[in-house]
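To start, the structure itself, in structure tokens.
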Amino acid sequence: MAQAIPMTLAEKLVARAAGQDSVRPGEVVTTKVDLAMMHDSGGPRRVAPMLERLQAKLWNPDRVVVISDHYVPAVDAESAGILDLTRKWVKAAGVTRFHDMQGICHVVLPERGHLRPGLFVVGGDSHSPTGGAFGAYMFGVGATEMCGVLVTGEIWLRVPETILLHWTGRRVPGVVAKDMILAMCAKLGMDGGRYQAIQYAGDTVASLPMQERMTLSNMAAELGAQAGLIAPDTVTHDYLLAAGVPAHEIDIENWQGDADAVVAEQHDFDAAALSPMVAAPHSPANSAAVGEHGNVSVDQAYIGACTGAKINDLRMAASVLKGRKVASSTRLLIAPASARTTAEAAADGTLAVLTEAGAILLSSGCGACAGYGAGVLAENETCIASTARNFKGRMGAGSSRVYLGSPYTVAASAVAGRIADPREFLA
């Protein structure tokens, strides 16, 4: 009997979707899609006209998830029109898995139990690699490719190489997944992923809770990767079980890379030597230890987005803000990543700590992270944010400046009125 070809996790996931026993990097395969996710900005308003011209219907409405998160709540007639179109299209197309104004798609998708290890998923957003934290192969596509998926249930793929990002060591207090990914951006650059499959591994990654793993996978996009994978384990199992996924559908045993599988690159990182990181404008690759940025005053501190406003992120901020006040020269805005996050933060007292410190609570959604709605920046303003991107003009005026940090660092900076090391506030 021939010995099975050793494969990485990415290769196993793609092989399963392609209906093959094995695949090799560089091979072009046609894969069957288990799930397609769209939001209100890049979804129905983009694909509906294409489907109409093709006179085509969805290959399987039960395998489509639509989440409104960009234009919510509507702030003008145009936004309201986009949401209205989304709601009407979902109903007409027979899509039952529609989460309207419930939070950011990358958080709501796993929160509502739509992901599990082994799935092959496409998302209509560049941060779709978030799904890789659950042992699913998930990547972002544009509207034209999404239209093809919606009609056929398939998409072609060039089998990716695997780039292993290996972390060992125990993190010091105040250092979290956001600091880890900013350190990787600094070392590897915005194209370090080469549109291949990144896999995060090592005892440091294994020690991270699920929502911290989501931050790593989410920002695989900032490394230029197609996917950002983490092999599933008991942490994955327990999160998905709590999200309502039946236990028999959570397979963590069969979705592991083979020990002797070949990876294209391996980069090793020491978590114990890592300090809180901050990315200077206008790229996540402009990251350095917080103390290297000098005395930078901030007009706004923003805790929001799929990367930085999950319940554990809000709790990080609260641990800094408890018993303190936001500086009079700075405004702190908080947009929880989902409605469930807001409810949980209200129930455990986190929201009370944040608002008592002077934080302004915004509704759940993409909001100012993508330059939508409340919280955008004026000319020449400086902001530090827990978001994933700080490209020029992304959060408002073209002359504004956005620094990136963890929720710990953003909260510390809000109190200090300048970019500050959170470790000074955690003692």
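Here's how to read the names in the structure tokens: chain A, B, ... by the order shown, residue numbers from 1 in each chain, ligand numbers from 1 in the order shown.
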
Restrict the calculation to only C-alpha atoms, then for each residue of segment 279-372 of chain A with any atom at most 8 Å from an atom of segment 399-402 of chain A give the closest atom pair and their distance in Å to one decimal, rows by chain and rising residue number, as a tab-separated table.
```
residue	atom	partner	partner_atom	distance
A:Ala280	CA	A:Val402	CA	7.0
A:Pro281	CA	A:Val402	CA	5.5
A:His282	CA	A:Val402	CA	7.0
```

Original post:
What's the 8 Å shell around Asp421 of chain A, counting only C-alpha atoms, without same-chain residues fewer than 3 positions away, as a VMD selection string?
Top reply: chain A and resid 276 290 to 291 409 412 to 413 424 to 425

**OP:** Looking only at alpha helix (DSSP H) from DSSP on the backbone, list the matching residues of segment 336-418 of chain A as a list in words.
**Re:**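 For segment 336-418 of chain A, the alpha helix (DSSP H) set is Ala339, Arg340, Thr341, Thr342, Ala343, Glu344, Ala345, Ala346, Ala347, Thr350, Leu351, Ala352, Val353, Leu354, Thr355, Glu356, Pro407, Tyr408, Thr409, Val410, Ala411, Ala412, Ser413, Ala414, Val415 and Ala416 of chain A.
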
For Ala93 of chain A, work out the shell of residues within 12 Å, counting only C-alpha atoms and skipping chain neighbours fewer than 4 positions away, then give it as a PDB file with all heavy atoms, in the first residue's frame.
```pdb
ATOM      1  N   PRO A  44     -25.034  42.020  -1.466  1.00  0.00           N
ATOM      2  CA  PRO A  44     -26.176  42.108  -2.384  1.00  0.00           C
ATOM      3  C   PRO A  44     -26.146  43.298  -3.340  1.00  0.00           C
ATOM      4  O   PRO A  44     -26.491  43.145  -4.512  1.00  0.00           O
ATOM      5  CB  PRO A  44     -27.369  42.188  -1.425  1.00  0.00           C
ATOM      6  CG  PRO A  44     -26.933  41.382  -0.250  1.00  0.00           C
ATOM      7  CD  PRO A  44     -25.473  41.697  -0.090  1.00  0.00           C
ATOM      8  N   VAL A  47     -23.577  42.043  -6.015  1.00  0.00           N
ATOM      9  CA  VAL A  47     -23.825  40.803  -6.757  1.00  0.00           C
ATOM     10  C   VAL A  47     -25.223  40.721  -7.351  1.00  0.00           C
ATOM     11  O   VAL A  47     -25.424  40.022  -8.358  1.00  0.00           O
ATOM     12  CB  VAL A  47     -23.570  39.564  -5.862  1.00  0.00           C
ATOM     13  CG1 VAL A  47     -22.136  39.541  -5.369  1.00  0.00           C
ATOM     14  CG2 VAL A  47     -24.549  39.501  -4.699  1.00  0.00           C
ATOM     15  N   ALA A  48     -26.202  41.410  -6.752  1.00  0.00           N
ATOM     16  CA  ALA A  48     -27.577  41.314  -7.269  1.00  0.00           C
ATOM     17  C   ALA A  48     -27.684  41.720  -8.738  1.00  0.00           C
ATOM     18  O   ALA A  48     -28.339  41.008  -9.530  1.00  0.00           O
ATOM     19  CB  ALA A  48     -28.520  42.137  -6.398  1.00  0.00           C
ATOM     20  N   LEU A  51     -26.256  38.838 -10.875  1.00  0.00           N
ATOM     21  CA  LEU A  51     -27.147  37.679 -10.903  1.00  0.00           C
ATOM     22  C   LEU A  51     -28.359  37.946 -11.793  1.00  0.00           C
ATOM     23  O   LEU A  51     -28.826  37.051 -12.511  1.00  0.00           O
ATOM     24  CB  LEU A  51     -27.601  37.340  -9.475  1.00  0.00           C
ATOM     25  CG  LEU A  51     -26.507  36.823  -8.527  1.00  0.00           C
ATOM     26  CD1 LEU A  51     -27.024  36.759  -7.096  1.00  0.00           C
ATOM     27  CD2 LEU A  51     -26.018  35.447  -8.966  1.00  0.00           C
ATOM     28  N   GLU A  52     -28.840  39.177 -11.753  1.00  0.00           N
ATOM     29  CA  GLU A  52     -29.991  39.534 -12.584  1.00  0.00           C
ATOM     30  C   GLU A  52     -29.636  39.461 -14.066  1.00  0.00           C
ATOM     31  O   GLU A  52     -30.416  38.943 -14.882  1.00  0.00           O
ATOM     32  CB  GLU A  52     -30.482  40.934 -12.215  1.00  0.00           C
ATOM     33  CG  GLU A  52     -31.764  41.337 -12.914  1.00  0.00           C
ATOM     34  CD  GLU A  52     -32.287  42.681 -12.438  1.00  0.00           C
ATOM     35  OE1 GLU A  52     -31.826  43.155 -11.375  1.00  0.00           O
ATOM     36  OE2 GLU A  52     -33.136  43.254 -13.141  1.00  0.00           O
ATOM     37  N   ALA A  56     -29.666  34.210 -13.006  1.00  0.00           N
ATOM     38  CA  ALA A  56     -29.232  33.058 -12.217  1.00  0.00           C
ATOM     39  C   ALA A  56     -29.727  33.163 -10.778  1.00  0.00           C
ATOM     40  O   ALA A  56     -29.949  34.258 -10.252  1.00  0.00           O
ATOM     41  CB  ALA A  56     -27.708  32.971 -12.236  1.00  0.00           C
ATOM     42  N   LYS A  57     -29.865  32.011 -10.144  1.00  0.00           N
ATOM     43  CA  LYS A  57     -30.260  31.939  -8.742  1.00  0.00           C
ATOM     44  C   LYS A  57     -29.117  31.344  -7.927  1.00  0.00           C
ATOM     45  O   LYS A  57     -28.150  30.810  -8.467  1.00  0.00           O
ATOM     46  CB  LYS A  57     -31.516  31.074  -8.599  1.00  0.00           C
ATOM     47  CG  LYS A  57     -32.755  31.680  -9.252  1.00  0.00           C
ATOM     48  CD  LYS A  57     -33.978  30.822  -8.989  1.00  0.00           C
ATOM     49  CE  LYS A  57     -35.219  31.461  -9.612  1.00  0.00           C
ATOM     50  NZ  LYS A  57     -36.434  30.638  -9.368  1.00  0.00           N
ATOM     51  N   LEU A  58     -29.238  31.431  -6.616  1.00  0.00           N
ATOM     52  CA  LEU A  58     -28.208  30.894  -5.732  1.00  0.00           C
ATOM     53  C   LEU A  58     -28.150  29.376  -5.831  1.00  0.00           C
ATOM     54  O   LEU A  58     -29.180  28.712  -5.867  1.00  0.00           O
ATOM     55  CB  LEU A  58     -28.473  31.293  -4.277  1.00  0.00           C
ATOM     56  CG  LEU A  58     -28.611  32.780  -3.958  1.00  0.00           C
ATOM     57  CD1 LEU A  58     -28.613  32.980  -2.447  1.00  0.00           C
ATOM     58  CD2 LEU A  58     -27.515  33.595  -4.599  1.00  0.00           C
ATOM     59  N   TRP A  59     -26.915  28.861  -5.834  1.00  0.00           N
ATOM     60  CA  TRP A  59     -26.768  27.404  -5.899  1.00  0.00           C
ATOM     61  C   TRP A  59     -27.361  26.738  -4.661  1.00  0.00           C
ATOM     62  O   TRP A  59     -27.920  25.642  -4.742  1.00  0.00           O
ATOM     63  CB  TRP A  59     -25.296  27.050  -6.098  1.00  0.00           C
ATOM     64  CG  TRP A  59     -24.538  26.537  -4.908  1.00  0.00           C
ATOM     65  CD1 TRP A  59     -24.290  25.230  -4.602  1.00  0.00           C
ATOM     66  CD2 TRP A  59     -23.916  27.303  -3.852  1.00  0.00           C
ATOM     67  NE1 TRP A  59     -23.558  25.137  -3.443  1.00  0.00           N
ATOM     68  CE2 TRP A  59     -23.313  26.393  -2.958  1.00  0.00           C
ATOM     69  CE3 TRP A  59     -23.808  28.681  -3.583  1.00  0.00           C
ATOM     70  CZ2 TRP A  59     -22.616  26.803  -1.824  1.00  0.00           C
ATOM     71  CZ3 TRP A  59     -23.108  29.086  -2.454  1.00  0.00           C
ATOM     72  CH2 TRP A  59     -22.526  28.163  -1.598  1.00  0.00           C
ATOM     73  N   ASN A  60     -27.277  27.396  -3.509  1.00  0.00           N
ATOM     74  CA  ASN A  60     -27.827  26.837  -2.278  1.00  0.00           C
ATOM     75  C   ASN A  60     -27.978  27.959  -1.250  1.00  0.00           C
ATOM     76  O   ASN A  60     -27.006  28.292  -0.564  1.00  0.00           O
ATOM     77  CB  ASN A  60     -26.920  25.731  -1.729  1.00  0.00           C
ATOM     78  CG  ASN A  60     -27.556  24.984  -0.571  1.00  0.00           C
ATOM     79  OD1 ASN A  60     -28.486  25.476   0.078  1.00  0.00           O
ATOM     80  ND2 ASN A  60     -27.063  23.786  -0.295  1.00  0.00           N
ATOM     81  N   PRO A  61     -29.171  28.543  -1.110  1.00  0.00           N
ATOM     82  CA  PRO A  61     -29.350  29.653  -0.159  1.00  0.00           C
ATOM     83  C   PRO A  61     -28.996  29.297   1.281  1.00  0.00           C
ATOM     84  O   PRO A  61     -28.624  30.181   2.059  1.00  0.00           O
ATOM     85  CB  PRO A  61     -30.851  29.970  -0.282  1.00  0.00           C
ATOM     86  CG  PRO A  61     -31.238  29.462  -1.633  1.00  0.00           C
ATOM     87  CD  PRO A  61     -30.395  28.244  -1.858  1.00  0.00           C
ATOM     88  N   ASP A  62     -29.078  28.006   1.627  1.00  0.00           N
ATOM     89  CA  ASP A  62     -28.770  27.595   2.994  1.00  0.00           C
ATOM     90  C   ASP A  62     -27.278  27.639   3.301  1.00  0.00           C
ATOM     91  O   ASP A  62     -26.877  27.500   4.458  1.00  0.00           O
ATOM     92  CB  ASP A  62     -29.294  26.178   3.245  1.00  0.00           C
ATOM     93  CG  ASP A  62     -30.814  26.122   3.253  1.00  0.00           C
ATOM     94  OD1 ASP A  62     -31.438  27.163   3.527  1.00  0.00           O
ATOM     95  OD2 ASP A  62     -31.365  25.043   2.967  1.00  0.00           O
ATOM     96  N   ARG A  63     -26.453  27.818   2.261  1.00  0.00           N
ATOM     97  CA  ARG A  63     -25.012  27.898   2.475  1.00  0.00           C
ATOM     98  C   ARG A  63     -24.489  29.322   2.301  1.00  0.00           C
ATOM     99  O   ARG A  63     -23.295  29.528   2.113  1.00  0.00           O
ATOM    100  CB  ARG A  63     -24.285  26.942   1.525  1.00  0.00           C
ATOM    101  CG  ARG A  63     -24.574  25.486   1.839  1.00  0.00           C
ATOM    102  CD  ARG A  63     -23.608  24.562   1.156  1.00  0.00           C
ATOM    103  NE  ARG A  63     -23.849  23.174   1.517  1.00  0.00           N
ATOM    104  CZ  ARG A  63     -23.069  22.164   1.158  1.00  0.00           C
ATOM    105  NH1 ARG A  63     -21.977  22.401   0.433  1.00  0.00           N
ATOM    106  NH2 ARG A  63     -23.355  20.932   1.508  1.00  0.00           N
ATOM    107  N   VAL A  64     -25.400  30.264   2.382  1.00  0.00           N
ATOM    108  CA  VAL A  64     -25.039  31.675   2.274  1.00  0.00           C
ATOM    109  C   VAL A  64     -25.393  32.377   3.580  1.00  0.00           C
ATOM    110  O   VAL A  64     -26.485  32.191   4.112  1.00  0.00           O
ATOM    111  CB  VAL A  64     -25.767  32.346   1.094  1.00  0.00           C
ATOM    112  CG1 VAL A  64     -25.426  33.833   1.028  1.00  0.00           C
ATOM    113  CG2 VAL A  64     -25.405  31.658  -0.223  1.00  0.00           C
ATOM    114  N   VAL A  65     -24.448  33.151   4.095  1.00  0.00           N
ATOM    115  CA  VAL A  65     -24.683  33.956   5.294  1.00  0.00           C
ATOM    116  C   VAL A  65     -24.490  35.423   4.909  1.00  0.00           C
ATOM    117  O   VAL A  65     -23.482  35.784   4.291  1.00  0.00           O
ATOM    118  CB  VAL A  65     -23.706  33.594   6.433  1.00  0.00           C
ATOM    119  CG1 VAL A  65     -23.946  34.489   7.652  1.00  0.00           C
ATOM    120  CG2 VAL A  65     -23.852  32.128   6.809  1.00  0.00           C
ATOM    121  N   VAL A  66     -25.457  36.257   5.258  1.00  0.00           N
ATOM    122  CA  VAL A  66     -25.361  37.693   5.003  1.00  0.00           C
ATOM    123  C   VAL A  66     -25.430  38.424   6.339  1.00  0.00           C
ATOM    124  O   VAL A  66     -26.284  38.115   7.184  1.00  0.00           O
ATOM    125  CB  VAL A  66     -26.477  38.185   4.060  1.00  0.00           C
ATOM    126  CG1 VAL A  66     -26.378  39.693   3.852  1.00  0.00           C
ATOM    127  CG2 VAL A  66     -26.394  37.456   2.717  1.00  0.00           C
ATOM    128  N   LEU A  85     -31.970  47.559   0.424  1.00  0.00           N
ATOM    129  CA  LEU A  85     -31.706  46.634  -0.686  1.00  0.00           C
ATOM    130  C   LEU A  85     -31.236  45.279  -0.153  1.00  0.00           C
ATOM    131  O   LEU A  85     -31.676  44.222  -0.632  1.00  0.00           O
ATOM    132  CB  LEU A  85     -30.641  47.241  -1.596  1.00  0.00           C
ATOM    133  CG  LEU A  85     -30.218  46.471  -2.850  1.00  0.00           C
ATOM    134  CD1 LEU A  85     -29.682  47.446  -3.898  1.00  0.00           C
ATOM    135  CD2 LEU A  85     -29.151  45.402  -2.559  1.00  0.00           C
ATOM    136  N   THR A  86     -30.345  45.315   0.845  1.00  0.00           N
ATOM    137  CA  THR A  86     -29.825  44.072   1.426  1.00  0.00           C
ATOM    138  C   THR A  86     -30.949  43.231   2.008  1.00  0.00           C
ATOM    139  O   THR A  86     -31.037  42.020   1.761  1.00  0.00           O
ATOM    140  CB  THR A  86     -28.789  44.396   2.522  1.00  0.00           C
ATOM    141  OG1 THR A  86     -27.724  45.167   1.957  1.00  0.00           O
ATOM    142  CG2 THR A  86     -28.227  43.120   3.137  1.00  0.00           C
ATOM    143  N   ARG A  87     -31.805  43.852   2.788  1.00  0.00           N
ATOM    144  CA  ARG A  87     -32.900  43.116   3.443  1.00  0.00           C
ATOM    145  C   ARG A  87     -33.867  42.528   2.429  1.00  0.00           C
ATOM    146  O   ARG A  87     -34.325  41.384   2.582  1.00  0.00           O
ATOM    147  CB  ARG A  87     -33.614  44.049   4.418  1.00  0.00           C
ATOM    148  CG  ARG A  87     -32.757  44.446   5.616  1.00  0.00           C
ATOM    149  CD  ARG A  87     -33.274  45.651   6.356  1.00  0.00           C
ATOM    150  NE  ARG A  87     -32.345  46.041   7.433  1.00  0.00           N
ATOM    151  CZ  ARG A  87     -32.127  47.294   7.820  1.00  0.00           C
ATOM    152  NH1 ARG A  87     -32.765  48.305   7.214  1.00  0.00           N
ATOM    153  NH2 ARG A  87     -31.269  47.554   8.780  1.00  0.00           N
ATOM    154  N   LYS A  88     -34.187  43.290   1.398  1.00  0.00           N
ATOM    155  CA  LYS A  88     -35.126  42.794   0.386  1.00  0.00           C
ATOM    156  C   LYS A  88     -34.505  41.665  -0.437  1.00  0.00           C
ATOM    157  O   LYS A  88     -35.172  40.680  -0.772  1.00  0.00           O
ATOM    158  CB  LYS A  88     -35.563  43.948  -0.513  1.00  0.00           C
ATOM    159  CG  LYS A  88     -36.501  44.941   0.181  1.00  0.00           C
ATOM    160  CD  LYS A  88     -36.843  46.111  -0.722  1.00  0.00           C
ATOM    161  CE  LYS A  88     -37.823  47.062  -0.028  1.00  0.00           C
ATOM    162  NZ  LYS A  88     -38.105  48.278  -0.838  1.00  0.00           N
ATOM    163  N   TRP A  89     -33.206  41.799  -0.769  1.00  0.00           N
ATOM    164  CA  TRP A  89     -32.556  40.755  -1.559  1.00  0.00           C
ATOM    165  C   TRP A  89     -32.485  39.447  -0.784  1.00  0.00           C
ATOM    166  O   TRP A  89     -32.739  38.370  -1.337  1.00  0.00           O
ATOM    167  CB  TRP A  89     -31.151  41.204  -1.963  1.00  0.00           C
ATOM    168  CG  TRP A  89     -30.458  40.196  -2.825  1.00  0.00           C
ATOM    169  CD1 TRP A  89     -30.532  40.074  -4.183  1.00  0.00           C
ATOM    170  CD2 TRP A  89     -29.596  39.133  -2.386  1.00  0.00           C
ATOM    171  NE1 TRP A  89     -29.777  39.019  -4.612  1.00  0.00           N
ATOM    172  CE2 TRP A  89     -29.186  38.418  -3.526  1.00  0.00           C
ATOM    173  CE3 TRP A  89     -29.134  38.725  -1.127  1.00  0.00           C
ATOM    174  CZ2 TRP A  89     -28.339  37.316  -3.456  1.00  0.00           C
ATOM    175  CZ3 TRP A  89     -28.291  37.627  -1.060  1.00  0.00           C
ATOM    176  CH2 TRP A  89     -27.900  36.937  -2.200  1.00  0.00           C
ATOM    177  N   ARG A  97     -30.056  32.693   6.769  1.00  0.00           N
ATOM    178  CA  ARG A  97     -29.007  33.032   7.731  1.00  0.00           C
ATOM    179  C   ARG A  97     -28.567  34.481   7.492  1.00  0.00           C
ATOM    180  O   ARG A  97     -27.525  34.759   6.889  1.00  0.00           O
ATOM    181  CB  ARG A  97     -27.840  32.057   7.605  1.00  0.00           C
ATOM    182  CG  ARG A  97     -28.235  30.657   8.044  1.00  0.00           C
ATOM    183  CD  ARG A  97     -27.051  29.795   8.355  1.00  0.00           C
ATOM    184  NE  ARG A  97     -26.556  29.096   7.173  1.00  0.00           N
ATOM    185  CZ  ARG A  97     -25.601  28.159   7.216  1.00  0.00           C
ATOM    186  NH1 ARG A  97     -25.042  27.826   8.374  1.00  0.00           N
ATOM    187  NH2 ARG A  97     -25.200  27.570   6.121  1.00  0.00           N
ATOM    188  N   PHE A  98     -29.407  35.376   7.963  1.00  0.00           N
ATOM    189  CA  PHE A  98     -29.190  36.818   7.819  1.00  0.00           C
ATOM    190  C   PHE A  98     -29.134  37.431   9.203  1.00  0.00           C
ATOM    191  O   PHE A  98     -30.088  37.332   9.984  1.00  0.00           O
ATOM    192  CB  PHE A  98     -30.321  37.433   6.996  1.00  0.00           C
ATOM    193  CG  PHE A  98     -30.252  38.938   6.869  1.00  0.00           C
ATOM    194  CD1 PHE A  98     -29.056  39.591   6.634  1.00  0.00           C
ATOM    195  CD2 PHE A  98     -31.413  39.710   6.984  1.00  0.00           C
ATOM    196  CE1 PHE A  98     -29.001  40.975   6.513  1.00  0.00           C
ATOM    197  CE2 PHE A  98     -31.376  41.089   6.853  1.00  0.00           C
ATOM    198  CZ  PHE A  98     -30.167  41.721   6.623  1.00  0.00           C
ATOM    199  N   LEU A 150     -21.775  32.042  -5.837  1.00  0.00           N
ATOM    200  CA  LEU A 150     -23.200  31.991  -5.543  1.00  0.00           C
ATOM    201  C   LEU A 150     -23.980  31.188  -6.578  1.00  0.00           C
ATOM    202  O   LEU A 150     -24.991  30.553  -6.262  1.00  0.00           O
ATOM    203  CB  LEU A 150     -23.769  33.408  -5.466  1.00  0.00           C
ATOM    204  CG  LEU A 150     -23.271  34.284  -4.304  1.00  0.00           C
ATOM    205  CD1 LEU A 150     -23.859  35.687  -4.409  1.00  0.00           C
ATOM    206  CD2 LEU A 150     -23.629  33.661  -2.957  1.00  0.00           C
ATOM    207  N   VAL A 151     -23.509  31.209  -7.812  1.00  0.00           N
ATOM    208  CA  VAL A 151     -24.203  30.499  -8.882  1.00  0.00           C
ATOM    209  C   VAL A 151     -23.797  29.029  -8.940  1.00  0.00           C
ATOM    210  O   VAL A 151     -24.642  28.144  -9.136  1.00  0.00           O
ATOM    211  CB  VAL A 151     -23.934  31.172 -10.245  1.00  0.00           C
ATOM    212  CG1 VAL A 151     -24.548  30.353 -11.390  1.00  0.00           C
ATOM    213  CG2 VAL A 151     -24.504  32.588 -10.267  1.00  0.00           C
TER     214      VAL A 151
END
```

Original post:
Running DSSP on the backbone, which parts of segment 26-266 of chain A land in strand (DSSP E or B), as an MDAnalysis selection string?
Top reply: chainID A and resid 28:32 35:39 64:68 97:100 103 120:123 137:140 154:158 162:168 197:201 227:229 265:266

Original post:
How far is it from atom CA of Ile419 of chain A to atom CA of Val296 of chain A, in Å with one decimal?
Top reply: 5.6 Å
